[in-house]
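Here is the file model_23.txt (compact mmCIF, C-alpha atoms).
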# COMPACT_ATOMS: atom_id res chain seq x y z
CA MET W 743 0.00 0.00 0.00
CA SER W 744 1.17 3.54 -0.78
CA LEU W 745 2.22 5.81 2.07
CA LEU W 746 -0.14 8.54 0.82
CA GLU W 747 -3.26 8.00 -1.28
CA VAL W 748 -5.29 10.97 -2.53
CA THR W 749 -8.60 10.04 -4.17
CA GLY W 750 -11.24 12.30 -5.70
CA LEU W 751 -10.05 15.29 -3.70
CA LYS W 752 -12.20 18.41 -4.01
CA LYS W 753 -12.12 21.80 -2.33
CA THR W 754 -14.77 24.45 -2.91
CA TYR W 755 -14.72 27.89 -1.33
CA SER W 756 -17.75 30.15 -1.07
CA THR W 757 -17.34 33.86 -1.60
CA ARG W 758 -18.80 36.35 0.84
CA PHE W 759 -22.46 35.62 1.65
CA GLY W 760 -22.15 32.44 -0.44
CA ALA W 761 -23.02 34.27 -3.65
CA GLN W 762 -20.44 32.38 -5.68
CA LYS W 763 -18.48 29.17 -5.29
CA VAL W 764 -14.88 28.72 -6.36
CA GLU W 765 -13.51 25.24 -7.07
CA ALA W 766 -9.90 25.26 -5.89
CA LEU W 767 -9.47 21.50 -6.39
CA LYS W 768 -11.43 19.16 -8.67
CA ASN W 769 -11.12 15.39 -8.44
CA VAL W 770 -7.40 15.29 -7.62
CA CYS W 771 -6.04 11.73 -7.52
CA PHE W 772 -2.48 10.51 -6.97
CA SER W 773 -0.47 8.28 -4.67
CA VAL W 774 2.98 8.59 -3.10
CA GLU W 775 5.21 5.66 -2.26
CA GLU W 776 7.38 5.66 0.82
CA GLY W 777 10.74 7.28 0.06
CA GLU W 778 9.57 9.29 -2.97
CA PHE W 779 10.51 12.94 -3.50
CA ILE W 780 7.57 14.70 -5.19
CA ALA W 781 7.55 18.28 -6.49
CA ILE W 782 4.21 20.00 -7.11
CA MET W 783 4.19 22.81 -9.66
CA GLY W 784 1.62 25.10 -11.24
CA GLU W 785 0.83 28.75 -11.81
CA SER W 786 -0.45 30.97 -9.00
CA GLY W 787 -4.07 30.12 -8.30
CA SER W 788 -3.76 26.60 -9.72
CA GLY W 789 -4.59 24.96 -6.39
CA LYS W 790 -1.18 23.64 -5.35
CA THR W 791 -1.07 25.54 -2.03
CA THR W 792 -4.62 24.42 -1.23
CA LEU W 793 -3.54 20.86 -1.94
CA LEU W 794 -0.49 21.15 0.33
CA ASN W 795 -2.61 22.63 3.14
CA ILE W 796 -5.01 19.68 2.93
CA LEU W 797 -2.12 17.19 2.94
CA ALA W 798 -0.78 18.99 6.02
CA ALA W 799 -4.19 18.72 7.74
CA LEU W 800 -4.32 22.52 7.90
CA ASP W 801 -7.51 22.54 5.82
CA ARG W 802 -10.35 20.08 5.24
CA PRO W 803 -11.41 18.92 1.77
CA THR W 804 -14.96 19.40 0.50
CA GLY W 805 -14.90 15.87 -0.91
CA GLY W 806 -12.62 12.92 -1.51
CA THR W 807 -10.15 11.24 0.79
CA VAL W 808 -6.54 11.59 1.92
CA MET W 809 -5.11 8.39 3.40
CA LEU W 810 -1.77 8.67 5.21
CA GLY W 811 -0.29 5.39 6.37
CA GLY W 812 -3.69 3.77 5.89
CA ARG W 813 -5.48 6.36 8.05
CA ASP W 814 -8.25 8.55 6.65
CA MET W 815 -7.23 12.08 7.65
CA SER W 816 -10.78 13.40 7.26
CA LYS W 817 -11.85 11.12 10.11
CA ILE W 818 -9.42 12.65 12.60
CA LYS W 819 -11.22 14.76 15.20
CA GLU W 820 -10.49 18.48 15.23
CA SER W 821 -9.21 18.17 18.80
CA SER W 822 -6.62 15.59 17.71
CA LEU W 823 -5.37 17.27 14.52
CA ALA W 824 -2.56 19.30 16.10
CA ALA W 825 -1.07 16.21 17.74
CA PHE W 826 -1.48 14.23 14.49
CA ARG W 827 0.40 16.88 12.51
CA ARG W 828 3.14 17.14 15.12
CA ASP W 829 3.73 13.38 15.29
CA ASN W 830 3.36 12.41 11.63
CA LEU W 831 4.17 15.42 9.45
CA GLY W 832 7.21 17.67 9.21
CA TYR W 833 6.58 21.08 7.63
CA VAL W 834 9.19 23.41 6.11
CA PHE W 835 8.00 26.96 5.45
CA GLN W 836 9.29 29.50 2.94
CA GLU W 837 9.95 32.08 5.67
CA PHE W 838 11.47 29.56 8.12
CA ASN W 839 8.97 30.32 10.95
CA LEU W 840 11.67 30.22 13.62
CA LEU W 841 11.09 32.02 16.92
CA ASP W 842 13.69 34.79 17.33
CA THR W 843 13.50 34.63 21.14
CA PHE W 844 14.50 30.94 21.09
CA THR W 845 17.94 29.59 20.26
CA VAL W 846 18.29 27.35 17.20
CA GLU W 847 18.44 24.42 19.62
CA ASP W 848 15.19 25.37 21.32
CA ASN W 849 13.45 25.97 17.99
CA ILE W 850 14.37 22.44 16.90
CA TYR W 851 13.32 21.00 20.26
CA LEU W 852 9.87 22.63 20.12
CA PRO W 853 7.84 19.75 18.55
CA LEU W 854 9.30 17.30 21.09
CA VAL W 855 8.60 19.67 23.98
CA LEU W 856 4.98 19.97 22.86
CA ALA W 857 4.81 16.17 22.66
CA GLY W 858 6.09 15.88 26.24
CA LYS W 859 9.17 13.83 25.37
CA PRO W 860 11.84 13.19 28.05
CA PHE W 861 14.85 15.51 27.87
CA LYS W 862 17.37 12.68 27.31
CA GLU W 863 15.40 11.48 24.30
CA MET W 864 15.23 15.04 22.98
CA GLN W 865 19.00 15.46 23.39
CA ALA W 866 19.75 12.23 21.53
CA LYS W 867 17.44 13.18 18.64
CA LEU W 868 18.89 16.70 18.46
CA MET W 869 22.46 15.41 18.35
CA ASN W 870 21.58 13.03 15.52
CA VAL W 871 19.66 15.48 13.35
CA SER W 872 22.02 18.43 13.89
CA GLN W 873 25.02 16.34 12.87
CA ARG W 874 23.23 15.03 9.79
CA LEU W 875 22.34 18.55 8.69
CA GLY W 876 25.66 20.14 9.60
CA ILE W 877 24.33 22.67 12.11
CA SER W 878 25.83 21.44 15.40
CA ALA W 879 27.92 24.62 15.71
CA LEU W 880 24.82 26.82 15.39
CA LEU W 881 22.66 25.35 18.16
CA LYS W 882 23.35 28.04 20.78
CA LYS W 883 22.87 30.91 18.33
CA TYR W 884 19.62 32.81 17.76
CA PRO W 885 17.90 32.92 14.34
CA TYR W 886 18.82 36.58 13.84
CA GLU W 887 22.51 35.63 14.18
CA ILE W 888 22.59 33.13 11.30
CA SER W 889 22.12 33.25 7.52
CA GLY W 890 18.96 32.41 5.57
CA GLY W 891 20.41 29.11 4.43
CA GLN W 892 21.33 28.19 8.01
CA LYS W 893 17.83 29.14 9.17
CA GLN W 894 16.32 26.82 6.60
CA ARG W 895 18.58 23.99 7.73
CA ALA W 896 17.34 24.58 11.27
CA ALA W 897 13.76 24.51 9.97
CA VAL W 898 14.44 21.19 8.22
CA ALA W 899 15.94 19.82 11.45
CA ARG W 900 12.79 20.87 13.33
CA ALA W 901 10.68 19.09 10.70
CA MET W 902 12.76 15.92 10.93
CA ILE W 903 13.25 15.60 14.68
CA THR W 904 9.92 13.85 15.28
CA ASP W 905 10.75 11.16 12.69
CA PRO W 906 7.62 12.04 10.65
CA MET W 907 6.03 9.88 7.95
CA MET W 908 6.80 12.61 5.43
CA ILE W 909 8.06 16.16 5.09
CA LEU W 910 5.95 18.82 3.39
CA ALA W 911 7.80 21.88 2.07
CA ASP W 912 6.16 25.09 0.86
CA GLU W 913 8.49 27.00 -1.51
CA PRO W 914 11.50 26.12 0.70
CA THR W 915 14.00 27.94 -1.55
CA GLY W 916 11.79 31.01 -2.10
CA ALA W 917 13.54 33.20 0.50
CA LEU W 918 17.08 32.00 -0.25
CA ASP W 919 19.84 33.22 -2.55
CA SER W 920 21.06 30.90 -5.29
CA ARG W 921 23.95 29.43 -3.30
CA SER W 922 21.79 28.73 -0.23
CA SER W 923 19.10 27.27 -2.51
CA ASP W 924 21.63 24.88 -4.05
CA ASP W 925 22.80 23.84 -0.57
CA LEU W 926 19.24 23.22 0.59
CA LEU W 927 18.38 21.18 -2.49
CA ARG W 928 21.47 19.02 -1.97
CA LEU W 929 20.36 18.58 1.62
CA PHE W 930 16.86 17.54 0.56
CA GLY W 931 18.40 15.03 -1.83
CA GLU W 932 20.50 13.53 0.98
CA VAL W 933 17.52 13.41 3.35
CA ASN W 934 15.43 11.72 0.68
CA LYS W 935 18.15 9.16 -0.05
CA SER W 936 18.10 8.23 3.65
CA GLY W 937 14.46 7.13 3.13
CA MET W 938 12.46 10.25 4.01
CA THR W 939 9.39 10.97 1.85
CA ILE W 940 9.25 14.62 0.71
CA ILE W 941 6.45 16.57 -0.98
CA MET W 942 7.51 20.05 -2.08
CA VAL W 943 5.48 22.85 -3.64
CA THR W 944 7.71 25.07 -5.75
CA HIS W 945 7.74 27.60 -8.58
CA SER W 946 11.41 26.84 -9.23
CA THR W 947 12.23 24.53 -12.11
CA LYS W 948 15.68 24.02 -10.63
CA ALA W 949 14.20 22.93 -7.30
CA ALA W 950 11.76 20.58 -9.00
CA SER W 951 14.54 19.01 -11.07
CA VAL W 952 16.05 17.34 -7.97
CA ALA W 953 12.78 15.47 -7.26
CA SER W 954 12.00 11.96 -8.45
CA ARG W 955 8.57 12.97 -9.80
CA VAL W 956 6.80 16.23 -10.62
CA LEU W 957 3.03 16.75 -10.46
CA PHE W 958 1.69 19.67 -12.49
CA ILE W 959 -1.52 21.27 -11.25
CA ARG W 960 -3.71 23.34 -13.58
CA ASP W 961 -7.15 24.74 -12.71
CA GLY W 962 -7.41 22.56 -9.63
CA GLU W 963 -6.59 19.28 -11.37
CA VAL W 964 -3.51 17.13 -11.93
CA TYR W 965 -2.71 18.10 -15.51
CA HIS W 966 0.35 15.91 -15.99
CA GLN W 967 3.17 14.20 -14.17
CA LEU W 968 6.78 13.50 -15.03
CA TYR W 969 9.02 10.77 -13.64
CA ARG W 970 12.74 11.39 -13.53
CA GLY W 971 13.63 7.91 -14.76
CA GLY W 972 17.30 7.91 -15.75
CA ASP W 973 17.50 11.65 -16.39
CA SER W 974 20.24 13.83 -14.96
CA ASP W 975 19.18 17.00 -13.14
CA ASP W 976 19.82 18.95 -16.36
CA GLY W 977 17.80 16.53 -18.49
CA PHE W 978 14.90 16.53 -16.03
CA TYR W 979 15.09 20.34 -15.85
CA GLN W 980 14.54 20.56 -19.60
CA ARG W 981 11.54 18.22 -19.57
CA ILE W 982 9.99 20.18 -16.69
CA SER W 983 10.58 23.46 -18.55
CA ASP W 984 8.88 22.10 -21.67
CA THR W 985 5.82 21.04 -19.66
CA LEU W 986 5.63 24.44 -17.90
CA THR W 987 5.64 26.11 -21.32
CA LEU W 988 2.62 24.01 -22.32
CA LEU W 989 0.91 24.97 -19.06
CA ALA W 990 1.54 28.67 -19.68
CA THR W 991 0.30 28.55 -23.28
CA GLY W 992 -2.72 26.35 -22.60
CA GLY W 993 -1.36 23.52 -24.74
CA GLU W 994 -2.11 19.84 -24.23
CA GLN W 995 0.48 17.39 -22.99
CA LYS W 996 1.00 14.45 -25.33

Take the structure in this file and express it as structure tokens.
Amino acid sequence: MSLLEVTGLKKTYSTRFGAQKVEALKNVCFSVEEGEFIAIMGESGSGKTTLLNILAALDRPTGGTVMLGGRDMSKIKESSLAAFRRDNLGYVFQEFNLLDTFTVEDNIYLPLVLAGKPFKEMQAKLMNVSQRLGISALLKKYPYEISGGQKQRAAVARAMITDPMMILADEPTGALDSRSSDDLLRLFGEVNKSGMTIIMVTHSTKAASVASRVLFIRDGEVYHQLYRGGDSDDGFYQRISDTLTLLATGGEQK
């Protein structure tokens, strides 16, 4: 069974006073195997952020199902959603979402503190994840004392420290310069090779080209998908670019 199964997913928003309904998602279907690295692309307003929010249990679908690890997320009670997200999903934000009054160490600890984990367990997990991500020397610093790329590494560490089923990333390179973006994408590749499942929403063709599969969303539907296969990053980049051109011009994928 797939780690994530999305079937017939729909999301409809009503405008003020319910005068008009807007379909953000229409019958979205796809599955994700454990250990895959999926990029989701599409123009602004295509529905990709709505999709990510539903996968993150930050929003509820109007119809359809999202099964994570065999569990129907729509059946989780509202009172249990925060704990479900904390224990099963790691989230990496574009703007890092680190607390400036906390050290890097305390920011990374936060999900475990909220889960009530013993301090020795927290220390062991922190040592492991900080070494893997190369940020051990930054742990006592505050977010305002480190670079954007270092902040994003800390954010990835915070997402990983609970050993989630998968990591969701919303434009993770959007606030980074090109060098920091390259570093983060290499890091994501290493994390994925270790077995972590990653789903990333991005506008960046370069970011998408490090994934193993790209889903293209247009008008609230999965328009097309590309598998990397044996392509190099450069070869996959070109195929993604060609598909984005079709999306922009309204062409049909063959």

*Using only C-alpha atoms, determine which residues lie at most 12 Å from range 964-981 of chain W, disregarding the query and same-chain residues fewer than 5 positions distant; provide the list as an MDAnalysis selection string.*
chainID W and resid 748:752 766:773 778:785 788:790 793 927:928 931 946:959 986:989 992:996

*Separation of CA of Val898 in chain W from CA of Ile796 in chain W in Å*: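 Between these atoms lies a distance of 20.2 Å.
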
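Here the residues that fall within 8 Å of (17.0, 21.2, 22.8), using all atoms listed in the file, are given as Glu847, Asp848, Asn849, Ile850, Tyr851, Leu852, Phe861, Met864, Gln865 and Leu868 of chain W.
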
*In terms of the shortest atom-to-atom distance over all atoms listed in the file, which of W:Leu926, W:Leu800, W:Ala857, W:Leu918 is closest to Ile903 in chain W?*
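Checking each of W:Leu926, W:Leu800, W:Ala857, W:Leu918 against Ile903 in chain W, counting all atoms listed in the file, the winner is W:Ala857.
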
_Let me make sure I understand: among W:Val871, W:Leu746, W:Ala911, W:Leu929, which one has the smallest atom-to-atom distance to Thr944 in chain W if we use all atoms listed in the file?_
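Smallest distance to Thr944 in chain W is found for W:Ala911.
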
Grab all the atoms of range 926-933 of chain W that the file lists, wrap them in a box along x, y and z, add 3 Å per side, and give me centre plus edge lengths in Å (one decimal) as lines of an AutoDock Vina configuration file.
center_x = 19.2
center_y = 18.3
center_z = 0.4
size_x = 10.6
size_y = 15.8
size_z = 11.8

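If you count only C-alpha atoms and draw a sphere of 12 Å around (-8.2, 6.4, 5.2), the protein and nucleic acid residues inside it come out as W:Met743, W:Ser744, W:Leu745, W:Leu746, W:Glu747, W:Val748, W:Thr749, W:Gly806, W:Thr807, W:Val808, W:Met809, W:Leu810, W:Gly811, W:Gly812, W:Arg813, W:Asp814, W:Met815, W:Ser816, W:Lys817, W:Ile818.
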
*Counting only C-alpha atoms, figure out which residue out of W:Asn870, W:Thr904, W:Ser786, W:Gln836 gets nearest to Gly916 in chain W.*
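Answer, going by the shortest atom-to-atom distance: W:Gln836.
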
*Between CA of Arg874 in chain W and CA of Ile940 in chain W - distance in Å to one decimal*: 16.7 Å

Model the absent atoms of range 810-833 of chain W so that N, CA, C and O atoms are present, and write the result as a PDB file, keeping the file's coordinate frame.
ATOM      1  N   LEU W 810      -3.190   8.631   4.867  1.00  0.00           N
ATOM      2  CA  LEU W 810      -1.770   8.670   5.210  1.00  0.00           C
ATOM      3  C   LEU W 810      -1.460   7.474   6.102  1.00  0.00           C
ATOM      4  O   LEU W 810      -2.006   7.350   7.198  1.00  0.00           O
ATOM      5  N   GLY W 811      -0.609   6.586   5.613  1.00  0.00           N
ATOM      6  CA  GLY W 811      -0.290   5.390   6.370  1.00  0.00           C
ATOM      7  C   GLY W 811      -1.503   4.536   6.662  1.00  0.00           C
ATOM      8  O   GLY W 811      -1.592   3.889   7.712  1.00  0.00           O
ATOM      9  N   GLY W 812      -2.471   4.558   5.730  1.00  0.00           N
ATOM     10  CA  GLY W 812      -3.690   3.770   5.890  1.00  0.00           C
ATOM     11  C   GLY W 812      -4.759   4.432   6.740  1.00  0.00           C
ATOM     12  O   GLY W 812      -5.830   3.856   6.957  1.00  0.00           O
ATOM     13  N   ARG W 813      -4.507   5.655   7.201  1.00  0.00           N
ATOM     14  CA  ARG W 813      -5.480   6.360   8.050  1.00  0.00           C
ATOM     15  C   ARG W 813      -6.144   7.476   7.269  1.00  0.00           C
ATOM     16  O   ARG W 813      -5.478   8.294   6.639  1.00  0.00           O
ATOM     17  N   ASP W 814      -7.467   7.523   7.322  1.00  0.00           N
ATOM     18  CA  ASP W 814      -8.250   8.550   6.650  1.00  0.00           C
ATOM     19  C   ASP W 814      -8.159   9.843   7.456  1.00  0.00           C
ATOM     20  O   ASP W 814      -8.705   9.941   8.560  1.00  0.00           O
ATOM     21  N   MET W 815      -7.467  10.844   6.914  1.00  0.00           N
ATOM     22  CA  MET W 815      -7.230  12.080   7.650  1.00  0.00           C
ATOM     23  C   MET W 815      -8.502  12.869   7.909  1.00  0.00           C
ATOM     24  O   MET W 815      -8.583  13.648   8.858  1.00  0.00           O
ATOM     25  N   SER W 816      -9.520  12.669   7.054  1.00  0.00           N
ATOM     26  CA  SER W 816     -10.780  13.400   7.260  1.00  0.00           C
ATOM     27  C   SER W 816     -11.548  12.893   8.475  1.00  0.00           C
ATOM     28  O   SER W 816     -12.453  13.561   8.966  1.00  0.00           O
ATOM     29  N   LYS W 817     -11.162  11.700   8.964  1.00  0.00           N
ATOM     30  CA  LYS W 817     -11.850  11.120  10.110  1.00  0.00           C
ATOM     31  C   LYS W 817     -11.213  11.523  11.446  1.00  0.00           C
ATOM     32  O   LYS W 817     -11.708  11.153  12.512  1.00  0.00           O
ATOM     33  N   ILE W 818     -10.105  12.239  11.369  1.00  0.00           N
ATOM     34  CA  ILE W 818      -9.420  12.650  12.600  1.00  0.00           C
ATOM     35  C   ILE W 818     -10.188  13.818  13.233  1.00  0.00           C
ATOM     36  O   ILE W 818     -10.504  14.802  12.564  1.00  0.00           O
ATOM     37  N   LYS W 819     -10.479  13.716  14.505  1.00  0.00           N
ATOM     38  CA  LYS W 819     -11.220  14.760  15.200  1.00  0.00           C
ATOM     39  C   LYS W 819     -10.413  16.050  15.247  1.00  0.00           C
ATOM     40  O   LYS W 819      -9.189  16.042  15.322  1.00  0.00           O
ATOM     41  N   GLU W 820     -11.132  17.172  15.203  1.00  0.00           N
ATOM     42  CA  GLU W 820     -10.490  18.480  15.230  1.00  0.00           C
ATOM     43  C   GLU W 820      -9.571  18.624  16.443  1.00  0.00           C
ATOM     44  O   GLU W 820      -8.481  19.205  16.357  1.00  0.00           O
ATOM     45  N   SER W 821      -9.988  18.069  17.564  1.00  0.00           N
ATOM     46  CA  SER W 821      -9.210  18.170  18.800  1.00  0.00           C
ATOM     47  C   SER W 821      -7.908  17.378  18.761  1.00  0.00           C
ATOM     48  O   SER W 821      -7.001  17.606  19.559  1.00  0.00           O
ATOM     49  N   SER W 822      -7.810  16.448  17.814  1.00  0.00           N
ATOM     50  CA  SER W 822      -6.620  15.590  17.710  1.00  0.00           C
ATOM     51  C   SER W 822      -5.703  15.977  16.551  1.00  0.00           C
ATOM     52  O   SER W 822      -4.620  15.394  16.401  1.00  0.00           O
ATOM     53  N   LEU W 823      -6.123  16.948  15.736  1.00  0.00           N
ATOM     54  CA  LEU W 823      -5.370  17.270  14.520  1.00  0.00           C
ATOM     55  C   LEU W 823      -3.976  17.818  14.812  1.00  0.00           C
ATOM     56  O   LEU W 823      -3.013  17.452  14.140  1.00  0.00           O
ATOM     57  N   ALA W 824      -3.861  18.695  15.801  1.00  0.00           N
ATOM     58  CA  ALA W 824      -2.560  19.300  16.100  1.00  0.00           C
ATOM     59  C   ALA W 824      -1.547  18.224  16.487  1.00  0.00           C
ATOM     60  O   ALA W 824      -0.405  18.229  16.016  1.00  0.00           O
ATOM     61  N   ALA W 825      -1.960  17.290  17.324  1.00  0.00           N
ATOM     62  CA  ALA W 825      -1.070  16.210  17.740  1.00  0.00           C
ATOM     63  C   ALA W 825      -0.737  15.299  16.555  1.00  0.00           C
ATOM     64  O   ALA W 825       0.401  14.836  16.418  1.00  0.00           O
ATOM     65  N   PHE W 826      -1.717  15.056  15.681  1.00  0.00           N
ATOM     66  CA  PHE W 826      -1.480  14.230  14.490  1.00  0.00           C
ATOM     67  C   PHE W 826      -0.432  14.875  13.591  1.00  0.00           C
ATOM     68  O   PHE W 826       0.506  14.211  13.128  1.00  0.00           O
ATOM     69  N   ARG W 827      -0.577  16.176  13.354  1.00  0.00           N
ATOM     70  CA  ARG W 827       0.400  16.880  12.510  1.00  0.00           C
ATOM     71  C   ARG W 827       1.788  16.827  13.134  1.00  0.00           C
ATOM     72  O   ARG W 827       2.784  16.561  12.453  1.00  0.00           O
ATOM     73  N   ARG W 828       1.846  17.089  14.424  1.00  0.00           N
ATOM     74  CA  ARG W 828       3.140  17.140  15.120  1.00  0.00           C
ATOM     75  C   ARG W 828       3.867  15.785  15.056  1.00  0.00           C
ATOM     76  O   ARG W 828       5.073  15.726  14.856  1.00  0.00           O
ATOM     77  N   ASP W 829       3.124  14.703  15.201  1.00  0.00           N
ATOM     78  CA  ASP W 829       3.730  13.380  15.290  1.00  0.00           C
ATOM     79  C   ASP W 829       4.010  12.729  13.939  1.00  0.00           C
ATOM     80  O   ASP W 829       4.876  11.860  13.844  1.00  0.00           O
ATOM     81  N   ASN W 830       3.275  13.128  12.902  1.00  0.00           N
ATOM     82  CA  ASN W 830       3.360  12.410  11.630  1.00  0.00           C
ATOM     83  C   ASN W 830       3.851  13.232  10.445  1.00  0.00           C
ATOM     84  O   ASN W 830       4.237  12.657   9.432  1.00  0.00           O
ATOM     85  N   LEU W 831       3.836  14.556  10.574  1.00  0.00           N
ATOM     86  CA  LEU W 831       4.170  15.420   9.450  1.00  0.00           C
ATOM     87  C   LEU W 831       5.228  16.442   9.862  1.00  0.00           C
ATOM     88  O   LEU W 831       5.101  17.092  10.896  1.00  0.00           O
ATOM     89  N   GLY W 832       6.257  16.578   9.031  1.00  0.00           N
ATOM     90  CA  GLY W 832       7.210  17.670   9.210  1.00  0.00           C
ATOM     91  C   GLY W 832       6.907  18.729   8.165  1.00  0.00           C
ATOM     92  O   GLY W 832       6.628  18.405   7.006  1.00  0.00           O
ATOM     93  N   TYR W 833       6.950  20.009   8.560  1.00  0.00           N
ATOM     94  CA  TYR W 833       6.580  21.080   7.630  1.00  0.00           C
ATOM     95  C   TYR W 833       7.730  22.086   7.562  1.00  0.00           C
ATOM     96  O   TYR W 833       8.215  22.568   8.592  1.00  0.00           O
TER      97      TYR W 833
END
